[in-house]
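Here is the file upload_22.txt (compact mmCIF, N, CA and C atoms).
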```txt
# COMPACT_ATOMS: atom_id res chain seq x y z
N MET L 9 0.81 -1.20 0.00
CA MET L 9 0.00 0.00 0.00
C MET L 9 0.86 1.26 0.00
N ALA L 10 1.98 1.24 0.74
CA ALA L 10 2.84 2.41 0.82
C ALA L 10 3.40 2.79 -0.55
N LEU L 11 3.75 1.82 -1.37
CA LEU L 11 4.28 2.11 -2.70
C LEU L 11 3.24 2.80 -3.57
N VAL L 12 2.00 2.44 -3.40
CA VAL L 12 0.92 3.08 -4.17
C VAL L 12 0.78 4.54 -3.75
N VAL L 13 0.86 4.80 -2.44
CA VAL L 13 0.75 6.17 -1.94
C VAL L 13 1.94 6.98 -2.46
N TRP L 14 3.16 6.41 -2.43
CA TRP L 14 4.32 7.13 -2.94
C TRP L 14 4.16 7.46 -4.41
N ALA L 15 3.71 6.52 -5.17
CA ALA L 15 3.54 6.77 -6.61
C ALA L 15 2.51 7.87 -6.83
N TYR L 16 1.44 7.84 -6.09
CA TYR L 16 0.38 8.84 -6.24
C TYR L 16 0.88 10.23 -5.82
N GLU L 17 1.60 10.31 -4.72
CA GLU L 17 2.08 11.59 -4.20
C GLU L 17 3.43 11.99 -4.77
N GLN L 18 4.01 11.18 -5.59
CA GLN L 18 5.31 11.42 -6.22
C GLN L 18 6.42 11.65 -5.18
N LEU L 19 6.37 10.86 -4.12
CA LEU L 19 7.40 10.90 -3.09
C LEU L 19 8.54 9.96 -3.47
N CYS L 20 9.68 10.16 -2.88
CA CYS L 20 10.81 9.25 -3.08
C CYS L 20 11.39 8.88 -1.73
N PRO L 21 12.09 7.77 -1.66
CA PRO L 21 12.70 7.36 -0.39
C PRO L 21 13.72 8.40 0.09
N LEU L 22 13.85 8.56 1.39
CA LEU L 22 14.77 9.52 1.97
C LEU L 22 16.21 9.24 1.56
N THR L 23 16.55 8.00 1.33
CA THR L 23 17.91 7.65 0.94
C THR L 23 18.27 8.20 -0.44
N GLU L 24 17.30 8.59 -1.24
CA GLU L 24 17.55 9.14 -2.57
C GLU L 24 17.65 10.66 -2.58
N VAL L 25 17.40 11.30 -1.43
CA VAL L 25 17.45 12.75 -1.34
C VAL L 25 18.88 13.16 -1.02
N ALA L 26 19.41 14.12 -1.76
CA ALA L 26 20.76 14.61 -1.50
C ALA L 26 20.83 15.25 -0.12
N SER L 27 21.97 15.04 0.56
CA SER L 27 22.12 15.63 1.89
C SER L 27 22.23 17.15 1.78
N TYR L 28 21.74 17.84 2.79
CA TYR L 28 21.76 19.29 2.82
C TYR L 28 23.10 19.74 3.35
N GLU L 29 23.78 20.60 2.62
CA GLU L 29 25.08 21.12 3.05
C GLU L 29 24.95 22.59 3.39
N LEU L 30 25.41 22.94 4.56
CA LEU L 30 25.37 24.32 5.01
C LEU L 30 26.67 25.00 4.63
N ALA L 31 26.57 26.09 3.90
CA ALA L 31 27.74 26.87 3.52
C ALA L 31 27.47 28.32 3.89
N ILE L 32 28.49 28.97 4.43
CA ILE L 32 28.38 30.37 4.83
C ILE L 32 29.36 31.16 3.98
N SER L 33 28.92 32.30 3.46
CA SER L 33 29.80 33.18 2.69
C SER L 33 29.73 34.58 3.25
N ALA L 34 30.85 35.28 3.19
CA ALA L 34 30.91 36.67 3.67
C ALA L 34 31.95 37.43 2.87
N VAL L 35 31.69 38.71 2.66
CA VAL L 35 32.63 39.58 1.97
C VAL L 35 33.48 40.29 3.03
N ARG L 36 34.78 40.26 2.83
CA ARG L 36 35.72 40.88 3.78
C ARG L 36 36.79 41.64 3.02
N LYS L 37 37.51 42.50 3.75
CA LYS L 37 38.65 43.22 3.19
C LYS L 37 39.91 42.68 3.86
N VAL L 38 40.92 42.38 3.07
CA VAL L 38 42.19 41.88 3.59
C VAL L 38 42.91 43.03 4.29
N ASP L 39 43.35 42.80 5.53
CA ASP L 39 44.02 43.86 6.27
C ASP L 39 45.46 44.04 5.80
N ALA L 40 46.14 45.02 6.35
CA ALA L 40 47.50 45.37 5.93
C ALA L 40 48.51 44.28 6.26
N GLU L 41 48.17 43.38 7.18
CA GLU L 41 49.06 42.29 7.55
C GLU L 41 48.82 41.03 6.73
N GLY L 42 47.85 41.08 5.80
CA GLY L 42 47.58 39.92 4.95
C GLY L 42 46.64 38.90 5.57
N PHE L 43 45.72 39.37 6.42
CA PHE L 43 44.77 38.48 7.06
C PHE L 43 43.34 38.94 6.81
N VAL L 44 42.43 37.97 6.87
CA VAL L 44 41.00 38.22 6.74
C VAL L 44 40.35 37.79 8.05
N HIS L 45 39.50 38.63 8.60
CA HIS L 45 38.76 38.30 9.82
C HIS L 45 37.47 37.60 9.43
N PHE L 46 37.23 36.42 10.03
CA PHE L 46 36.02 35.66 9.74
C PHE L 46 35.67 34.81 10.95
N GLU L 47 34.44 34.91 11.40
CA GLU L 47 33.95 34.12 12.54
C GLU L 47 34.90 34.17 13.74
N ARG L 48 35.32 35.38 14.10
CA ARG L 48 36.14 35.65 15.28
C ARG L 48 37.55 35.07 15.21
N SER L 49 38.03 34.76 14.02
CA SER L 49 39.41 34.32 13.84
C SER L 49 40.00 35.01 12.62
N ARG L 50 41.31 34.88 12.45
CA ARG L 50 42.01 35.49 11.32
C ARG L 50 42.61 34.40 10.45
N TYR L 51 42.54 34.61 9.12
CA TYR L 51 43.06 33.64 8.16
C TYR L 51 43.98 34.36 7.19
N SER L 52 45.15 33.76 6.90
CA SER L 52 46.14 34.41 6.04
C SER L 52 45.78 34.28 4.56
N VAL L 53 46.25 35.26 3.80
CA VAL L 53 46.18 35.23 2.34
C VAL L 53 47.54 35.70 1.82
N PRO L 54 47.85 35.46 0.56
CA PRO L 54 49.10 35.99 0.02
C PRO L 54 49.12 37.52 0.15
N PRO L 55 50.26 38.10 0.51
CA PRO L 55 50.31 39.53 0.82
C PRO L 55 49.98 40.46 -0.35
N GLU L 56 50.06 39.97 -1.58
CA GLU L 56 49.73 40.84 -2.71
C GLU L 56 48.23 41.18 -2.76
N HIS L 57 47.45 40.54 -1.89
CA HIS L 57 46.01 40.82 -1.83
C HIS L 57 45.63 41.79 -0.72
N CYS L 58 46.62 42.33 0.00
CA CYS L 58 46.35 43.30 1.07
C CYS L 58 45.52 44.46 0.51
N GLY L 59 44.48 44.81 1.24
CA GLY L 59 43.62 45.91 0.85
C GLY L 59 42.51 45.54 -0.11
N LYS L 60 42.55 44.33 -0.66
CA LYS L 60 41.53 43.91 -1.62
C LYS L 60 40.31 43.34 -0.91
N THR L 61 39.19 43.37 -1.60
CA THR L 61 37.96 42.76 -1.11
C THR L 61 37.91 41.32 -1.58
N VAL L 62 37.63 40.41 -0.66
CA VAL L 62 37.58 38.98 -0.95
C VAL L 62 36.26 38.40 -0.43
N THR L 63 35.97 37.19 -0.89
CA THR L 63 34.82 36.46 -0.37
C THR L 63 35.33 35.25 0.39
N VAL L 64 34.84 35.08 1.60
CA VAL L 64 35.23 33.95 2.44
C VAL L 64 34.07 32.97 2.46
N HIS L 65 34.37 31.71 2.17
CA HIS L 65 33.36 30.65 2.17
C HIS L 65 33.72 29.64 3.25
N GLN L 66 32.73 29.27 4.04
CA GLN L 66 32.92 28.20 5.02
C GLN L 66 31.97 27.07 4.66
N LYS L 67 32.52 25.90 4.48
CA LYS L 67 31.73 24.70 4.22
C LYS L 67 32.28 23.62 5.13
N GLU L 68 31.45 23.18 6.04
CA GLU L 68 31.87 22.27 7.10
C GLU L 68 33.04 22.89 7.85
N ARG L 69 34.22 22.29 7.85
CA ARG L 69 35.37 22.82 8.60
C ARG L 69 36.41 23.41 7.66
N GLN L 70 36.02 23.71 6.42
CA GLN L 70 36.95 24.23 5.41
C GLN L 70 36.66 25.70 5.13
N ILE L 71 37.70 26.53 5.15
CA ILE L 71 37.60 27.94 4.82
C ILE L 71 38.30 28.16 3.47
N THR L 72 37.57 28.74 2.53
CA THR L 72 38.12 29.06 1.22
C THR L 72 38.00 30.56 1.02
N ILE L 73 39.09 31.19 0.61
CA ILE L 73 39.10 32.64 0.40
C ILE L 73 39.32 32.89 -1.09
N GLN L 74 38.40 33.68 -1.66
CA GLN L 74 38.38 33.89 -3.10
C GLN L 74 38.46 35.38 -3.40
N CYS L 75 39.30 35.74 -4.36
CA CYS L 75 39.39 37.11 -4.86
C CYS L 75 38.97 37.08 -6.31
N GLU L 76 37.89 37.78 -6.62
CA GLU L 76 37.25 37.70 -7.93
C GLU L 76 36.92 36.24 -8.19
N GLN L 77 37.42 35.61 -9.21
CA GLN L 77 37.10 34.21 -9.49
C GLN L 77 38.20 33.24 -9.07
N LEU L 78 39.24 33.76 -8.42
CA LEU L 78 40.41 32.97 -8.08
C LEU L 78 40.43 32.61 -6.59
N ILE L 79 40.61 31.34 -6.29
CA ILE L 79 40.79 30.90 -4.89
C ILE L 79 42.23 31.22 -4.51
N ILE L 80 42.39 32.09 -3.51
CA ILE L 80 43.73 32.53 -3.12
C ILE L 80 44.24 31.85 -1.85
N ALA L 81 43.34 31.22 -1.08
CA ALA L 81 43.78 30.53 0.14
C ALA L 81 42.72 29.53 0.58
N GLU L 82 43.19 28.45 1.17
CA GLU L 82 42.31 27.45 1.78
C GLU L 82 42.89 27.07 3.13
N HIS L 83 42.02 27.01 4.13
CA HIS L 83 42.45 26.70 5.49
C HIS L 83 41.44 25.76 6.15
N GLU L 84 41.91 25.01 7.11
CA GLU L 84 41.01 24.32 8.02
C GLU L 84 40.45 25.38 8.96
N MET L 85 39.20 25.28 9.33
CA MET L 85 38.59 26.25 10.23
C MET L 85 39.33 26.24 11.57
N ALA L 86 39.48 27.39 12.17
CA ALA L 86 40.16 27.52 13.46
C ALA L 86 39.48 26.63 14.49
N SER L 87 40.26 26.00 15.34
CA SER L 87 39.72 25.09 16.34
C SER L 87 39.03 25.82 17.49
N ARG L 88 39.38 27.11 17.66
CA ARG L 88 38.70 27.91 18.69
C ARG L 88 38.66 29.37 18.25
N SER L 89 37.77 30.13 18.85
CA SER L 89 37.63 31.55 18.51
C SER L 89 38.89 32.33 18.84
N ASP L 90 39.04 33.46 18.20
CA ASP L 90 40.18 34.36 18.40
C ASP L 90 41.52 33.72 18.05
N SER L 91 41.50 32.80 17.08
CA SER L 91 42.73 32.16 16.62
C SER L 91 43.27 32.87 15.39
N CYS L 92 44.51 32.60 15.09
CA CYS L 92 45.14 33.12 13.89
C CYS L 92 45.64 31.90 13.12
N VAL L 93 45.09 31.69 11.93
CA VAL L 93 45.45 30.53 11.10
C VAL L 93 46.23 31.07 9.91
N ALA L 94 47.48 30.62 9.78
CA ALA L 94 48.35 31.15 8.72
C ALA L 94 49.13 30.03 8.06
N LEU L 95 49.24 30.14 6.75
CA LEU L 95 50.08 29.22 6.00
C LEU L 95 51.52 29.76 5.99
N PRO L 96 52.50 28.91 6.19
CA PRO L 96 53.90 29.37 6.22
C PRO L 96 54.30 30.16 4.97
N GLU L 97 53.82 29.73 3.81
CA GLU L 97 54.21 30.45 2.58
C GLU L 97 53.63 31.87 2.54
N HIS L 98 52.49 32.10 3.18
CA HIS L 98 51.94 33.46 3.25
C HIS L 98 52.80 34.33 4.15
N LEU L 99 53.23 33.78 5.27
CA LEU L 99 54.07 34.54 6.20
C LEU L 99 55.44 34.83 5.60
N GLN L 100 56.01 33.86 4.89
CA GLN L 100 57.31 34.07 4.25
C GLN L 100 57.22 35.16 3.19
N ALA L 101 56.14 35.13 2.38
CA ALA L 101 55.96 36.14 1.33
C ALA L 101 55.76 37.52 1.95
N LEU L 102 55.03 37.59 3.06
CA LEU L 102 54.81 38.86 3.74
C LEU L 102 56.13 39.40 4.30
N ARG L 103 56.90 38.51 4.90
CA ARG L 103 58.21 38.90 5.46
C ARG L 103 59.12 39.40 4.34
N LYS L 104 59.16 38.69 3.21
CA LYS L 104 59.99 39.10 2.08
C LYS L 104 59.53 40.44 1.53
N GLN L 105 58.22 40.61 1.40
CA GLN L 105 57.67 41.86 0.87
C GLN L 105 58.01 43.03 1.80
N SER L 106 57.92 42.82 3.11
CA SER L 106 58.20 43.91 4.04
C SER L 106 59.67 44.28 4.05
N THR L 107 60.57 43.30 3.92
CA THR L 107 61.99 43.64 3.88
C THR L 107 62.37 44.29 2.55
N ASP L 108 61.75 43.86 1.47
CA ASP L 108 62.02 44.49 0.16
C ASP L 108 61.55 45.94 0.15
N ASN L 109 60.40 46.22 0.76
CA ASN L 109 59.85 47.58 0.77
C ASN L 109 60.59 48.49 1.74
N SER L 110 61.26 47.91 2.75
CA SER L 110 61.92 48.75 3.74
C SER L 110 63.35 49.11 3.33
N GLN L 111 63.86 48.49 2.29
CA GLN L 111 65.21 48.81 1.84
C GLN L 111 65.20 50.15 1.13
N CYS L 112 66.18 50.95 1.44
CA CYS L 112 66.28 52.25 0.76
C CYS L 112 67.72 52.50 0.36
N THR L 113 67.88 53.33 -0.60
CA THR L 113 69.21 53.66 -1.10
C THR L 113 69.57 55.05 -0.62
N LEU L 114 70.71 55.15 0.02
CA LEU L 114 71.18 56.46 0.47
C LEU L 114 72.04 57.06 -0.63
N THR L 115 71.83 58.33 -0.90
CA THR L 115 72.64 59.00 -1.92
C THR L 115 73.43 60.12 -1.33
```
Can you present the structure in this file as structure tokens?
Amino acid sequence: MALVVWAYEQLCPLTEVASYELAISAVRKVDAEGFVHFERSRYSVPPEHCGKTVTVHQKERQITIQCEQLIIAEHEMASRSDSCVALPEHLQALRKQSTDNSQCTLT
């Protein structure tokens, strides 16, 4: 009898329904130190994006940071609030950029 009701009401078994995925997106501006603030934590991006507007996506425990159509950083979500999550290559590039910009020539 249940199959007849399903056919009549055009229902399908729950196992055939795609799982619902919660994703959060937010627009942020990259600060001067090369970080984006999201959900009470900071996430690094390559320093050439300082001052730019980016979109931060959270899906499950994954943080993806996108500038225009390009994904510029991916991180695991911070394990606790007020954390700073940084990739070593972002910090190295920032350090290199800051030392290159601070060099001056005396005449």
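For the residues L:Gln18, L:Ala81, L:Ser89, L:Ala40, ranking by smallest atom-to-atom distance to Ser52 (chain L) using all atoms listed in the file places L:Ala81 first.
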In Å, with one decimal, what is the gap from atom C of Asp108 (chain L) to atom N of Tyr51 (chain L)?
23.9 Å
How far is it from CA of Gln105 (chain L) to CA of Gln74 (chain L), in Å with one decimal?
21.2 Å
Residues of chain L in alpha helix (DSSP H), written as a PDB file with N, CA and C atoms, in the frame of the given file:
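Final output, saved to part23.pdb:
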```pdb
ATOM      1  N   ALA L  10       1.980   1.240   0.740  1.00  0.00           N
ATOM      2  CA  ALA L  10       2.840   2.410   0.820  1.00  0.00           C
ATOM      3  C   ALA L  10       3.400   2.790  -0.550  1.00  0.00           C
ATOM      4  N   LEU L  11       3.750   1.820  -1.370  1.00  0.00           N
ATOM      5  CA  LEU L  11       4.280   2.110  -2.700  1.00  0.00           C
ATOM      6  C   LEU L  11       3.240   2.800  -3.570  1.00  0.00           C
ATOM      7  N   VAL L  12       2.000   2.440  -3.400  1.00  0.00           N
ATOM      8  CA  VAL L  12       0.920   3.080  -4.170  1.00  0.00           C
ATOM      9  C   VAL L  12       0.780   4.540  -3.750  1.00  0.00           C
ATOM     10  N   VAL L  13       0.860   4.800  -2.440  1.00  0.00           N
ATOM     11  CA  VAL L  13       0.750   6.170  -1.940  1.00  0.00           C
ATOM     12  C   VAL L  13       1.940   6.980  -2.460  1.00  0.00           C
ATOM     13  N   TRP L  14       3.160   6.410  -2.430  1.00  0.00           N
ATOM     14  CA  TRP L  14       4.320   7.130  -2.940  1.00  0.00           C
ATOM     15  C   TRP L  14       4.160   7.460  -4.410  1.00  0.00           C
ATOM     16  N   ALA L  15       3.710   6.520  -5.170  1.00  0.00           N
ATOM     17  CA  ALA L  15       3.540   6.770  -6.610  1.00  0.00           C
ATOM     18  C   ALA L  15       2.510   7.870  -6.830  1.00  0.00           C
ATOM     19  N   TYR L  16       1.440   7.840  -6.090  1.00  0.00           N
ATOM     20  CA  TYR L  16       0.380   8.840  -6.240  1.00  0.00           C
ATOM     21  C   TYR L  16       0.880  10.230  -5.820  1.00  0.00           C
ATOM     22  N   GLU L  17       1.600  10.310  -4.720  1.00  0.00           N
ATOM     23  CA  GLU L  17       2.080  11.590  -4.200  1.00  0.00           C
ATOM     24  C   GLU L  17       3.430  11.990  -4.770  1.00  0.00           C
ATOM     25  N   PRO L  96      52.500  28.910   6.190  1.00  0.00           N
ATOM     26  CA  PRO L  96      53.900  29.370   6.220  1.00  0.00           C
ATOM     27  C   PRO L  96      54.300  30.160   4.970  1.00  0.00           C
ATOM     28  N   GLU L  97      53.820  29.730   3.810  1.00  0.00           N
ATOM     29  CA  GLU L  97      54.210  30.450   2.580  1.00  0.00           C
ATOM     30  C   GLU L  97      53.630  31.870   2.540  1.00  0.00           C
ATOM     31  N   HIS L  98      52.490  32.100   3.180  1.00  0.00           N
ATOM     32  CA  HIS L  98      51.940  33.460   3.250  1.00  0.00           C
ATOM     33  C   HIS L  98      52.800  34.330   4.150  1.00  0.00           C
ATOM     34  N   LEU L  99      53.230  33.780   5.270  1.00  0.00           N
ATOM     35  CA  LEU L  99      54.070  34.540   6.200  1.00  0.00           C
ATOM     36  C   LEU L  99      55.440  34.830   5.600  1.00  0.00           C
ATOM     37  N   GLN L 100      56.010  33.860   4.890  1.00  0.00           N
ATOM     38  CA  GLN L 100      57.310  34.070   4.250  1.00  0.00           C
ATOM     39  C   GLN L 100      57.220  35.160   3.190  1.00  0.00           C
ATOM     40  N   ALA L 101      56.140  35.130   2.380  1.00  0.00           N
ATOM     41  CA  ALA L 101      55.960  36.140   1.330  1.00  0.00           C
ATOM     42  C   ALA L 101      55.760  37.520   1.950  1.00  0.00           C
ATOM     43  N   LEU L 102      55.030  37.590   3.060  1.00  0.00           N
ATOM     44  CA  LEU L 102      54.810  38.860   3.740  1.00  0.00           C
ATOM     45  C   LEU L 102      56.130  39.400   4.300  1.00  0.00           C
ATOM     46  N   ARG L 103      56.900  38.510   4.900  1.00  0.00           N
ATOM     47  CA  ARG L 103      58.210  38.900   5.460  1.00  0.00           C
ATOM     48  C   ARG L 103      59.120  39.400   4.340  1.00  0.00           C
ATOM     49  N   LYS L 104      59.160  38.690   3.210  1.00  0.00           N
ATOM     50  CA  LYS L 104      59.990  39.100   2.080  1.00  0.00           C
ATOM     51  C   LYS L 104      59.530  40.440   1.530  1.00  0.00           C
ATOM     52  N   GLN L 105      58.220  40.610   1.400  1.00  0.00           N
ATOM     53  CA  GLN L 105      57.670  41.860   0.870  1.00  0.00           C
ATOM     54  C   GLN L 105      58.010  43.030   1.800  1.00  0.00           C
ATOM     55  N   SER L 106      57.920  42.820   3.110  1.00  0.00           N
ATOM     56  CA  SER L 106      58.200  43.910   4.040  1.00  0.00           C
ATOM     57  C   SER L 106      59.670  44.280   4.050  1.00  0.00           C
ATOM     58  N   THR L 107      60.570  43.300   3.920  1.00  0.00           N
ATOM     59  CA  THR L 107      61.990  43.640   3.880  1.00  0.00           C
ATOM     60  C   THR L 107      62.370  44.290   2.550  1.00  0.00           C
ATOM     61  N   ASP L 108      61.750  43.860   1.470  1.00  0.00           N
ATOM     62  CA  ASP L 108      62.020  44.490   0.160  1.00  0.00           C
ATOM     63  C   ASP L 108      61.550  45.940   0.150  1.00  0.00           C
ATOM     64  N   ASN L 109      60.400  46.220   0.760  1.00  0.00           N
ATOM     65  CA  ASN L 109      59.850  47.580   0.770  1.00  0.00           C
ATOM     66  C   ASN L 109      60.590  48.490   1.740  1.00  0.00           C
ATOM     67  N   SER L 110      61.260  47.910   2.750  1.00  0.00           N
ATOM     68  CA  SER L 110      61.920  48.750   3.740  1.00  0.00           C
ATOM     69  C   SER L 110      63.350  49.110   3.330  1.00  0.00           C
TER      70      SER L 110
END
```
How many Å lie between CA of Ala31 (chain L) and CA of Glu84 (chain L), rounded to one decimal?
14.2 Å
Using DSSP on the backbone coordinates, identify all residues within chain L classified as strand (DSSP E); present the result as an MDAnalysis selection string.
chainID L and resid 31:37 43:46 49:52 61:67 70:75 78:84 92:93
Need the axis-aligned box for region 19-34 of chain L with 5 Å each side, so what are the centre and edges in Å to one decimal, as JSON?
```
{"center_x": 19.2, "center_y": 22.4, "center_z": 0.4, "size_x": 35.6, "size_y": 40.1, "size_z": 19.1}
```
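Proximity ranking of L:Leu99, L:Ile32, L:Val25, L:Cys92 relative to Gln66 (chain L) places L:Ile32 first, based on all atoms listed in the file.
When only C-alpha atoms are used to compute distances to Lys67 (chain L), the closest of the residues L:Met85, L:Pro55, L:Glu17, L:Ile80 turns out to be L:Met85.
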Could you name the residues that touch Lys60 (chain L) at 8 Å or less, counting only C-alpha atoms, but leaving out those on the same chain fewer than 5 positions away, as a list in words?
Lys37, Val38 and Cys75 of chain L
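For His83 (chain L), the non-local neighbours within 8 Å, defined as residues at least 4 positions apart in the same chain or in other chains and counting only C-alpha atoms, are Tyr51, Gln70, Ile71, Thr72 and Val93 of chain L.
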Need the shell around Glu97 (chain L): protein/DNA/RNA residues with any atom at most 8 Å away, counting all atoms listed in the file. Skip same-chain ones fewer than 5 positions apart. Format as a ChimeraX atom specification?
/L:53-55,102-103
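By only C-alpha atoms, and with residues fewer than 5 positions from Asp90 (chain L) along its chain excluded, the set lying at most 8 Å from it is Arg48, Ser49 and Arg50 of chain L.
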L:Glu24, L:Phe46, L:Glu29, L:Ser87: which is nearest Glu68 (chain L), counting only N, CA and C atoms?
L:Glu29
